[in-house]
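Have a look at upload_1.cif; it's mmCIF, C-alpha atoms and all ligand atoms:
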data_model
loop_
_atom_site.label_atom_id
_atom_site.label_comp_id
_atom_site.auth_asym_id
_atom_site.auth_seq_id
_atom_site.Cartn_x
_atom_site.Cartn_y
_atom_site.Cartn_z
CA MET S 1 -6.50 10.66 2.66
CA GLY S 2 -3.51 12.73 1.58
CA ALA S 3 -1.66 9.69 0.38
CA GLU S 4 -0.94 10.66 -3.18
CA SER S 5 0.61 14.01 -2.28
CA LEU S 6 2.99 12.27 0.15
CA ALA S 7 3.86 9.36 -2.08
CA PRO S 8 2.85 9.61 -5.71
CA ARG S 9 3.19 6.41 -7.73
CA ALA S 10 6.34 7.89 -9.23
CA ALA S 11 8.07 7.90 -5.83
CA GLY S 12 10.59 5.16 -5.13
CA LEU S 13 9.46 1.89 -3.59
CA SER S 14 10.96 2.63 -0.16
CA THR S 15 9.16 5.99 -0.06
CA ARG S 16 5.87 4.39 -1.05
CA ALA S 17 6.38 1.69 1.59
CA VAL S 18 6.60 4.35 4.30
CA HIS S 19 3.98 6.82 3.07
CA ALA S 20 1.46 5.51 0.53
CA GLY S 21 -2.06 5.53 1.91
CA GLY S 22 -0.88 7.20 5.11
CA PRO S 23 -2.93 9.85 6.90
CA ALA S 24 -2.78 13.46 5.74
CA PRO S 25 -0.51 15.74 7.83
CA VAL S 26 -3.31 17.59 9.65
CA VAL S 27 -2.21 19.51 12.75
CA GLY S 28 -3.22 17.59 15.85
CA ALA S 29 -3.99 14.37 13.96
CA PRO S 30 -1.96 11.25 14.80
CA LEU S 31 1.12 10.50 12.72
CA ALA S 32 0.83 6.75 13.14
CA THR S 33 -2.35 5.10 11.97
CA PRO S 34 -4.84 4.57 14.81
CA ILE S 35 -6.31 1.09 15.21
CA PHE S 36 -10.03 1.23 14.45
CA GLN S 37 -10.90 -1.73 16.68
CA THR S 38 -14.59 -1.62 15.98
CA SER S 39 -16.95 -3.98 14.20
CA THR S 40 -19.30 -1.26 13.01
CA PHE S 41 -19.66 2.49 12.47
CA PHE S 42 -22.46 5.02 13.08
CA ASN S 43 -24.82 5.15 10.20
CA GLU S 44 -27.22 7.67 8.63
CA PRO S 45 -30.64 6.94 10.31
CA ALA S 46 -32.49 7.33 7.02
CA GLY S 47 -30.07 4.99 5.22
CA GLY S 48 -28.04 5.97 2.20
CA GLY S 49 -24.30 6.13 1.82
CA GLU S 50 -21.91 3.21 2.06
CA ILE S 51 -22.46 0.91 5.01
CA LEU S 52 -19.20 0.57 6.92
CA TYR S 53 -18.72 -2.78 8.63
CA THR S 54 -15.47 -4.53 9.41
CA ARG S 55 -16.45 -7.80 7.76
CA TYR S 56 -17.09 -5.83 4.54
CA GLY S 57 -13.40 -5.01 4.52
CA ASN S 58 -13.99 -1.24 4.61
CA ASN S 59 -12.62 -0.50 8.07
CA PRO S 60 -10.06 2.37 7.74
CA ASN S 61 -7.26 -0.06 8.70
CA HIS S 62 -8.21 -2.24 5.72
CA LEU S 63 -8.44 0.69 3.32
CA LEU S 64 -5.09 2.15 4.32
CA LEU S 65 -3.33 -1.22 3.96
CA GLU S 66 -4.98 -1.76 0.56
CA GLN S 67 -3.73 1.62 -0.69
CA ARG S 68 -0.24 0.87 0.61
CA LEU S 69 -0.06 -2.55 -1.05
CA ALA S 70 -1.57 -1.32 -4.33
CA ALA S 71 1.04 1.47 -4.47
CA LEU S 72 3.85 -1.06 -3.89
CA GLU S 73 2.59 -3.59 -6.39
CA GLY S 74 1.63 -1.02 -9.03
CA ALA S 75 -1.96 -2.29 -8.95
CA GLU S 76 -5.20 -0.37 -9.43
CA ALA S 77 -6.84 -2.10 -6.51
CA CYS S 78 -6.31 -4.48 -3.61
CA VAL S 79 -8.40 -6.60 -1.22
CA VAL S 80 -6.84 -7.66 2.07
CA THR S 81 -7.82 -10.92 3.76
CA GLY S 82 -7.29 -12.70 7.05
CA SER S 83 -4.75 -15.16 5.58
CA GLY S 84 -2.86 -15.99 2.43
CA MET S 85 -5.13 -18.98 1.90
CA ALA S 86 -8.21 -16.73 2.03
CA ALA S 87 -6.60 -14.53 -0.64
CA ILE S 88 -5.85 -17.52 -2.88
CA ALA S 89 -9.32 -19.01 -2.40
CA MET S 90 -11.07 -15.71 -3.17
CA ALA S 91 -8.86 -15.07 -6.20
CA LEU S 92 -9.64 -18.52 -7.64
CA LEU S 93 -13.36 -18.35 -6.86
CA SER S 94 -13.61 -14.88 -8.40
CA CYS S 95 -12.82 -16.20 -11.87
CA THR S 96 -14.02 -19.83 -11.98
CA ALA S 97 -17.37 -21.63 -12.05
CA ALA S 98 -18.62 -25.21 -12.40
CA GLY S 99 -17.24 -26.81 -15.56
CA ASP S 100 -14.10 -24.67 -15.63
CA ARG S 101 -10.54 -25.93 -15.59
CA VAL S 102 -7.55 -24.54 -13.71
CA VAL S 103 -3.94 -25.16 -14.72
CA ALA S 104 -1.69 -25.14 -11.67
CA ALA S 105 2.05 -25.41 -11.23
CA ARG S 106 3.02 -28.69 -9.53
CA ALA S 107 5.30 -26.67 -7.29
CA LEU S 108 2.72 -24.73 -5.26
CA TYR S 109 2.21 -24.06 -1.55
CA GLY S 110 0.67 -27.16 0.09
CA GLY S 111 -2.48 -25.33 1.17
CA THR S 112 -3.09 -24.15 -2.40
CA LEU S 113 -2.66 -27.71 -3.68
CA GLY S 114 -5.10 -28.90 -0.99
CA LEU S 115 -7.67 -26.31 -2.08
CA LEU S 116 -7.32 -27.37 -5.72
CA HIS S 117 -7.39 -31.11 -4.84
CA ALA S 118 -10.03 -31.26 -2.15
CA GLU S 119 -12.36 -28.26 -2.39
CA LEU S 120 -12.65 -26.99 -5.97
CA PRO S 121 -13.65 -30.41 -7.43
CA ARG S 122 -16.75 -30.30 -5.17
CA LEU S 123 -17.71 -27.11 -7.01
CA GLY S 124 -17.13 -28.73 -10.41
CA ILE S 125 -13.76 -27.07 -10.99
CA GLU S 126 -10.98 -29.42 -12.12
CA THR S 127 -7.26 -28.79 -12.01
CA VAL S 128 -4.50 -29.95 -14.35
CA TYR S 129 -0.97 -29.87 -12.87
CA VAL S 130 2.03 -28.99 -14.99
CA ASP S 131 5.73 -28.34 -14.58
CA PHE S 132 6.32 -24.77 -15.76
CA THR S 133 10.09 -25.28 -15.68
CA GLY S 134 9.78 -27.88 -18.50
CA ASP S 135 8.85 -27.54 -22.19
CA ASP S 136 5.51 -29.34 -22.47
CA TRP S 137 3.29 -27.08 -20.33
CA PRO S 138 1.88 -24.96 -23.24
CA ALA S 139 -0.25 -27.94 -24.39
CA ALA S 140 -2.18 -27.83 -21.09
CA VAL S 141 -3.02 -24.12 -21.36
CA ARG S 142 -5.83 -24.35 -23.90
CA PRO S 143 -9.42 -23.10 -24.29
CA GLY S 144 -11.63 -24.19 -21.38
CA VAL S 145 -8.95 -23.19 -18.89
CA ARG S 146 -10.15 -20.22 -16.83
CA ALA S 147 -7.21 -19.67 -14.53
CA VAL S 148 -3.50 -20.47 -14.40
CA ILE S 149 -1.84 -20.30 -10.99
CA VAL S 150 1.90 -20.22 -10.33
CA GLU S 151 4.44 -19.08 -7.74
CA VAL S 152 7.60 -17.05 -8.38
CA PRO S 153 10.03 -18.11 -6.99
CA THR S 154 8.88 -21.62 -6.01
CA ASN S 155 9.25 -23.40 -2.68
CA PRO S 156 11.82 -24.79 -1.84
CA LEU S 157 13.87 -24.93 -5.07
CA LEU S 158 13.44 -21.20 -5.80
CA ARG S 159 12.73 -21.82 -9.49
CA VAL S 160 11.92 -18.68 -11.50
CA ILE S 161 9.67 -19.44 -14.47
CA ASP S 162 9.20 -17.44 -17.68
CA ILE S 163 6.20 -15.51 -16.41
CA ALA S 164 5.60 -13.45 -19.57
CA ALA S 165 5.37 -16.64 -21.67
CA VAL S 166 2.87 -18.14 -19.21
CA ALA S 167 0.81 -14.92 -19.24
CA GLU S 168 0.74 -14.88 -23.03
CA ALA S 169 -0.37 -18.53 -23.23
CA ALA S 170 -3.02 -17.98 -20.54
CA HIS S 171 -4.47 -14.97 -22.33
CA ARG S 172 -4.50 -16.77 -25.68
CA ALA S 173 -6.56 -19.53 -24.04
CA GLY S 174 -8.93 -17.01 -22.44
CA ALA S 175 -7.59 -17.64 -18.93
CA LEU S 176 -6.37 -15.33 -16.17
CA LEU S 177 -2.90 -15.65 -14.74
CA ILE S 178 -2.74 -15.64 -10.93
CA VAL S 179 0.73 -15.29 -9.40
CA ASP S 180 1.44 -16.05 -5.75
CA SER S 181 4.24 -13.57 -5.13
CA THR S 182 4.68 -14.25 -1.40
CA PHE S 183 8.38 -15.16 -1.68
CA ALA S 184 9.38 -12.21 -3.86
CA THR S 185 7.19 -9.40 -2.46
CA PRO S 186 6.70 -6.21 -4.51
CA ALA S 187 10.17 -5.13 -3.38
CA HIS S 188 11.67 -7.76 -5.69
CA PHE S 189 9.06 -8.62 -8.30
CA ARG S 190 5.84 -7.10 -9.60
CA PRO S 191 4.03 -9.76 -11.65
CA LEU S 192 1.44 -7.30 -13.02
CA GLU S 193 4.27 -5.70 -15.03
CA HIS S 194 4.82 -9.07 -16.72
CA GLY S 195 1.24 -9.81 -17.74
CA ALA S 196 -0.25 -11.35 -14.59
CA ASP S 197 -3.93 -10.55 -13.97
CA LEU S 198 -4.05 -11.12 -10.22
CA VAL S 199 -1.27 -11.17 -7.63
CA VAL S 200 -1.83 -12.92 -4.32
CA HIS S 201 0.24 -12.70 -1.14
CA SER S 202 0.47 -14.36 2.21
CA ALA S 203 1.04 -11.17 4.20
CA THR S 204 1.84 -13.52 7.09
CA LYS S 205 5.34 -13.71 5.62
CA TYR S 206 7.48 -10.79 4.39
CA LEU S 207 4.78 -8.10 4.20
CA GLY S 208 4.04 -8.41 7.92
CA GLY S 209 7.63 -9.44 8.40
CA HIS S 210 7.67 -10.16 12.15
CA SER S 211 6.01 -13.60 12.47
CA ASP S 212 3.27 -12.08 14.60
CA VAL S 213 0.22 -11.84 12.31
CA THR S 214 -1.59 -13.72 9.56
CA GLY S 215 -3.05 -11.99 6.54
CA GLY S 216 -3.27 -11.97 2.78
CA ALA S 217 -3.93 -9.75 -0.21
CA VAL S 218 -5.21 -9.95 -3.79
CA LEU S 219 -4.18 -7.23 -6.25
CA GLY S 220 -5.00 -6.41 -9.84
CA SER S 221 -7.22 -4.17 -11.98
CA ALA S 222 -10.19 -2.43 -10.35
CA GLU S 223 -12.55 -4.70 -12.27
CA ARG S 224 -10.85 -7.97 -11.28
CA VAL S 225 -10.45 -6.91 -7.69
CA ALA S 226 -14.13 -5.88 -7.47
CA ALA S 227 -15.03 -9.49 -8.35
CA VAL S 228 -12.71 -10.71 -5.59
CA ARG S 229 -14.08 -8.21 -3.06
CA GLN S 230 -17.64 -9.38 -3.71
CA ARG S 231 -16.67 -12.95 -2.65
CA ALA S 232 -14.48 -11.77 0.22
CA ARG S 233 -17.48 -10.01 1.78
CA LEU S 234 -19.70 -13.06 1.46
CA PHE S 235 -17.12 -15.56 2.67
CA GLY S 236 -16.16 -13.21 5.49
CA THR S 237 -12.43 -13.17 4.88
CA ALA S 238 -11.59 -9.63 6.07
CA PRO S 239 -8.77 -9.43 8.61
CA ASP S 240 -9.25 -8.10 12.10
CA PRO S 241 -8.39 -4.35 12.23
CA PHE S 242 -5.38 -5.00 14.49
CA ALA S 243 -4.04 -7.59 12.04
CA ALA S 244 -4.40 -5.07 9.20
CA TRP S 245 -2.62 -2.48 11.35
CA LEU S 246 0.28 -4.84 12.11
CA ILE S 247 0.73 -5.65 8.42
CA GLU S 248 0.57 -1.97 7.51
CA ARG S 249 3.27 -1.22 10.07
CA GLY S 250 5.33 -4.10 8.70
CA THR S 251 5.18 -2.77 5.14
CA LYS S 252 6.96 0.44 6.19
CA THR S 253 10.22 -1.49 6.60
CA LEU S 254 9.66 -3.93 3.72
CA ALA S 255 12.27 -2.42 1.41
CA VAL S 256 15.07 -2.33 4.02
CA ARG S 257 14.21 -5.77 5.36
CA MET S 258 14.24 -7.29 1.87
CA GLU S 259 17.66 -5.74 1.21
CA ARG S 260 19.07 -7.40 4.33
CA HIS S 261 17.27 -10.71 3.68
CA SER S 262 18.89 -10.73 0.22
CA ARG S 263 22.33 -9.80 1.48
CA ASN S 264 22.15 -12.58 4.09
CA GLY S 265 20.78 -14.97 1.45
CA GLN S 266 23.71 -14.34 -0.87
CA ALA S 267 26.33 -14.53 1.93
CA VAL S 268 24.98 -17.75 3.44
CA ALA S 269 24.41 -19.36 0.02
CA GLU S 270 28.00 -18.62 -1.08
CA TRP S 271 29.42 -19.90 2.21
CA CYS S 272 27.35 -23.10 2.09
CA GLU S 273 28.29 -23.76 -1.54
CA ARG S 274 31.98 -23.95 -0.55
CA HIS S 275 31.39 -26.33 2.39
CA PRO S 276 32.36 -29.99 1.87
CA GLN S 277 29.38 -31.31 3.90
CA VAL S 278 26.98 -29.51 1.54
CA LYS S 279 26.04 -31.36 -1.63
CA ARG S 280 24.05 -28.61 -3.29
CA VAL S 281 22.73 -25.11 -2.64
CA HIS S 282 19.55 -23.75 -4.20
CA TYR S 283 19.61 -19.95 -4.34
CA PRO S 284 18.68 -17.84 -7.39
CA GLY S 285 21.59 -15.48 -6.71
CA LEU S 286 24.14 -18.25 -7.35
CA ALA S 287 25.51 -18.78 -10.85
CA SER S 288 24.91 -22.52 -10.27
CA HIS S 289 21.11 -22.04 -9.98
CA PRO S 290 19.30 -23.22 -13.15
CA ASP S 291 17.30 -19.97 -13.36
CA HIS S 292 20.06 -17.56 -12.33
CA ALA S 293 20.00 -15.64 -15.64
CA ARG S 294 16.22 -15.27 -15.61
CA ALA S 295 16.19 -14.32 -11.94
CA ARG S 296 18.73 -11.57 -12.67
CA ARG S 297 16.50 -10.27 -15.42
CA LEU S 298 13.15 -10.43 -13.57
CA LEU S 299 13.93 -9.88 -9.90
CA ASP S 300 15.24 -6.80 -8.09
CA GLY S 301 16.68 -9.04 -5.37
CA PHE S 302 17.17 -12.75 -4.75
CA GLY S 303 15.60 -12.79 -1.29
CA GLY S 304 16.18 -14.68 1.93
CA MET S 305 14.89 -18.15 1.00
CA LEU S 306 17.59 -20.77 0.60
CA GLY S 307 17.66 -24.54 0.06
CA VAL S 308 20.67 -26.50 1.31
CA GLU S 309 21.14 -30.19 0.54
CA LEU S 310 23.39 -31.92 3.05
CA ALA S 311 25.71 -34.62 1.74
CA GLY S 312 24.87 -36.83 4.74
CA GLY S 313 21.19 -37.21 3.78
CA GLY S 314 18.19 -37.31 6.12
CA GLU S 315 20.05 -38.35 9.24
CA ALA S 316 22.57 -35.55 8.86
CA ALA S 317 19.74 -33.06 8.28
CA THR S 318 18.01 -34.06 11.51
CA ARG S 319 21.24 -33.81 13.52
CA PHE S 320 22.09 -30.49 11.84
CA VAL S 321 18.72 -28.91 12.53
CA ARG S 322 18.81 -30.09 16.18
CA ALA S 323 22.26 -28.56 16.67
CA LEU S 324 21.32 -25.08 15.43
CA ARG S 325 21.14 -22.49 18.22
CA LEU S 326 20.46 -19.12 16.58
CA CYS S 327 18.39 -20.44 13.66
CA ARG S 328 15.00 -21.59 14.95
CA VAL S 329 13.10 -24.65 13.76
CA ALA S 330 9.64 -23.53 12.68
CA PRO S 331 7.51 -23.67 9.57
CA SER S 332 6.60 -20.35 7.92
CA LEU S 333 9.04 -17.76 6.62
CA GLY S 334 9.63 -14.10 5.95
CA GLY S 335 10.20 -12.90 9.50
CA VAL S 336 13.11 -11.00 11.00
CA GLU S 337 14.43 -14.19 12.63
CA THR S 338 16.13 -17.00 10.71
CA LEU S 339 13.88 -20.06 10.52
CA VAL S 340 14.79 -23.49 9.30
CA SER S 341 12.68 -26.50 8.33
CA GLU S 342 12.99 -29.81 6.52
CA PRO S 343 10.51 -29.93 3.62
CA ARG S 344 10.20 -33.74 4.06
CA HIS S 345 8.57 -33.06 7.45
CA THR S 346 6.59 -29.94 6.44
CA SER S 347 5.60 -28.76 2.95
CA HIS S 348 6.39 -32.09 1.23
CA ALA S 349 5.44 -34.54 3.99
CA ALA S 350 2.61 -35.98 1.89
CA LEU S 351 5.04 -37.29 -0.77
CA ALA S 352 6.95 -40.60 -0.63
CA PRO S 353 10.78 -40.23 -0.40
CA ALA S 354 11.18 -41.35 -4.04
CA GLU S 355 8.59 -38.82 -5.21
CA ARG S 356 10.39 -36.07 -3.31
CA GLU S 357 13.72 -37.12 -4.76
CA ALA S 358 12.23 -37.07 -8.28
CA ILE S 359 11.29 -33.38 -7.91
CA GLY S 360 14.70 -32.45 -6.49
CA ILE S 361 13.96 -32.50 -2.76
CA ALA S 362 16.11 -35.37 -1.50
CA ASP S 363 16.23 -36.31 2.19
CA GLY S 364 18.94 -34.06 3.55
CA PHE S 365 17.25 -30.95 2.11
CA VAL S 366 17.04 -28.12 4.62
CA ARG S 367 15.14 -24.92 3.90
CA PHE S 368 16.21 -21.62 5.41
CA SER S 369 14.22 -18.43 5.71
CA LEU S 370 17.11 -16.13 6.50
CA GLY S 371 16.25 -13.33 8.89
CA ILE S 372 17.86 -9.93 9.30
CA GLU S 373 20.48 -10.94 11.90
CA ASP S 374 24.19 -10.45 11.14
CA ALA S 375 25.25 -12.84 8.39
CA ASP S 376 28.41 -13.75 10.35
CA ASP S 377 26.32 -14.98 13.28
CA ILE S 378 24.05 -17.05 11.03
CA ILE S 379 27.08 -18.57 9.32
CA ALA S 380 28.79 -19.29 12.65
CA ASP S 381 25.65 -21.10 13.82
CA ILE S 382 25.48 -23.15 10.62
CA GLU S 383 29.20 -23.95 10.93
CA GLN S 384 28.94 -25.24 14.50
CA ALA S 385 25.83 -27.27 13.61
CA LEU S 386 27.64 -28.86 10.65
CA GLN S 387 30.52 -29.75 13.00
CA ALA S 388 28.00 -31.41 15.34
CA VAL S 389 26.76 -33.55 12.43
C1 LIG B 1 2.36 -19.31 3.66
C2 LIG B 1 2.02 -19.30 2.22
C3 LIG B 1 0.69 -19.30 1.80
C4 LIG B 1 -0.46 -19.39 2.78
O1 LIG B 1 -0.53 -18.24 3.57
P1 LIG B 1 -1.26 -18.21 5.00
O2 LIG B 1 -1.10 -16.80 5.41
O3 LIG B 1 -0.56 -19.19 5.89
O4 LIG B 1 -2.67 -18.61 4.78
C5 LIG B 1 0.45 -19.26 0.44
N1 LIG B 1 1.45 -19.22 -0.46
C6 LIG B 1 2.74 -19.22 -0.09
C7 LIG B 1 3.81 -19.18 -1.13
C8 LIG B 1 3.08 -19.27 1.27
O5 LIG B 1 4.36 -19.29 1.63
#

As a first step, turn the structure in this file into structure tokens.
Ligand SMILES: *Cc1c(COP(=O)(O)O)cnc(C)c1O
Amino acid sequence: MGAESLAPRAAGLSTRAVHAGGPAPVVGAPLATPIFQTSTFFNEPAGGGEILYTRYGNNPNHLLLEQRLAALEGAEACVVTGSGMAAIAMALLSCTAAGDRVVAARALYGGTLGLLHAELPRLGIETVYVDFTGDDWPAAVRPGVRAVIVEVPTNPLLRVIDIAAVAEAAHRAGALLIVDSTFATPAHFRPLEHGADLVVHSATKYLGGHSDVTGGAVLGSAERVAAVRQRARLFGTAPDPFAAWLIERGTKTLAVRMERHSRNGQAVAEWCERHPQVKRVHYPGLASHPDHARARRLLDGFGGMLGVELAGGGEAATRFVRALRLCRVAPSLGGVETLVSEPRHTSHAALAPAEREAIGIADGFVRFSLGIEDADDIIADIEQALQAV
């Protein structure tokens, strides 16, 4: 494909988002990527050559999306999967075996914690959980650890950890650092530039960007990604060609969407912080956020995820969420529409109220995934819902 001539790595991120991996400008050929909705491809009767088969992940829709994402993330290689969880599972399985230990951040996506808790122990892989925002985590990252897995920023407190320090400790111990960069996307953060070995994404969120597809990706060096691809073929995690096509189309607008998500995030966060019914706002773009200085240094944008703690507690949160009209109540995030959820009913439902409170997610905590609507309309909706409380 003529990708590199259209969008060399040196091109800006927005340019790469539109063009990298795209088809060559051949007269008569389609400008938009066709959907190769086929399970298999004609083969050489006498054998030889690469076998193309959609489950192998080498459908043209897969390959184009992989080139696009690799160009955005600054990675040598990429494997796309049918979900974020498939990406995380394949990344972890690619570098661990029976007897190995994983060090995981306590603040991880619930599905990732479930995988570490319920599935990996059956394969003889144990996990130690640490708080990477504290001081005592380095003791846990020692020889025998094969992988360290973290998220930047975290859900729903949007903590931004010192990723270079974690990478250095992981490498000293002989472990790989895996970063789930779903919240930041390559538009705002590229973990490979800070020492990460593998980056994973739920493409269901910002990469797809329209709440209409599930997918995932693993990125890193050609060697690391080859080990992931080998598992992905055997576990059958390749996305359907149409899903890959939808994500590829979504990536074209990633840079402009992330700009608007961030602008809305900052506007709504600042408005909420001044409101008397709001006890606390968690947004890395606010000077009051504990990691504001680090976020400014590491991130190219603060994003559209926002935590708002209502002074009225759980009851107020329920009434508030019910009264919202423009903002929709749904789990998931990263789409063009503003979504709202209460972590006590979704991501943190498994914890007792006291446990949630101890990690900073009191009842009354409402999580927003701000969409790309007009900030004034989102704020007006929040204002009328707070009045209804
Ligand atoms: C949603 C999400 C996942 C899981 O992705 P799926 O596409 O739902 O499998 C993993 N990590 C983070 C941070 C997420 O938000």

Identify, counting all atoms listed in the file, the protein, DNA and RNA residues located within 9 Å of ligand LIG 1 (chain B), and give them as a PyMOL selection string. chain S and resi 82-88+108-112+151-155+180-183+200-205+213-216+331-334

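One distance worth recording is that between atom CA of Val278 of chain S and atom CA of Val160 of chain S, which is 22.7 Å.
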
Write out as an MDAnalysis selection string each polymer residue whose atoms come within 9 Å of segment 35-43 of chain S, counting all atoms listed in the file; drop sequence neighbours fewer than 4 positions from it. chainID S and resid 47:55 59:61 240:242 244:245

In terms of all atoms listed in the file, the residue from S:Glu309, S:Glu270, S:Glu373, S:Glu248 at minimal distance from Leu72 of chain S is S:Glu248

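Take the candidates S:Val145, S:Ile372, S:Val268, S:Ala139 and check each one against Thr127 of chain S using only C-alpha atoms; the shortest distance goes to S:Val145.
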
Residue neighbourhood Phe235 of chain S, 10 Å, only C-alpha atoms, exclusion window fewer than 5 positions, as a ChimeraX atom specification: /S:55-56,86,89-90,229-230

Could you tell me how far atom CA of Ser347 of chain S lies from atom CA of Leu386 of chain S, in Å and to one decimal? 23.3 Å

Tell me which protein, DNA and RNA residues are within 8 Å of Ile178 of chain S, counting all atoms listed in the file, leaving out same-chain ones fewer than 2 positions away, and put them as a PyMOL selection string. chain S and resi 91+147-150+176+180+196-200

Of the residues S:Val228, S:Ala316, S:Leu207, S:Leu192, which is the one nearest to Lys252 of chain S, using all atoms listed in the file? S:Leu207

As an exercise, work out the distance from atom CA of Arg356 of chain S to atom CA of Phe368 of chain S in Å and give it to one decimal place. 17.9 Å

Skip Pro156 of chain S itself and residues of its chain fewer than 4 positions away, then list as a short mmCIF file (atom, residue, chain, number, x, y, z; two decimals) with C-alpha atoms, keeping the file's coordinate frame all residues within 8 Å of it, counting all atoms listed in the file.
data_model
loop_
_atom_site.label_atom_id
_atom_site.label_comp_id
_atom_site.auth_asym_id
_atom_site.auth_seq_id
_atom_site.Cartn_x
_atom_site.Cartn_y
_atom_site.Cartn_z
CA MET S 305 14.89 -18.15 1.00
CA LEU S 306 17.59 -20.77 0.60
CA GLY S 307 17.66 -24.54 0.06
CA PRO S 343 10.51 -29.93 3.62
CA ARG S 367 15.14 -24.92 3.90
#

Local residues around (27.6, -34.7, 4.4), at most 12 Å away, using all atoms listed in the file, as a ChimeraX atom specification: /S:272,275-280,308-320,363-365,385-389

Find, counting only C-alpha atoms, the residue in S:Asp377, S:Glu76, S:Glu119, S:Glu126 that gets nearest to Val103 of chain S. S:Glu126

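Counting only C-alpha atoms and comparing S:Asp131, S:Glu168, S:Asp136, S:Glu193, the residue that lies closest to Glu73 of chain S is S:Glu193.
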
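The smallest atom-to-atom distance between His19 of chain S and any of S:His117, S:His348, S:Arg322, S:Arg249, using only C-alpha atoms, is found for S:Arg249.
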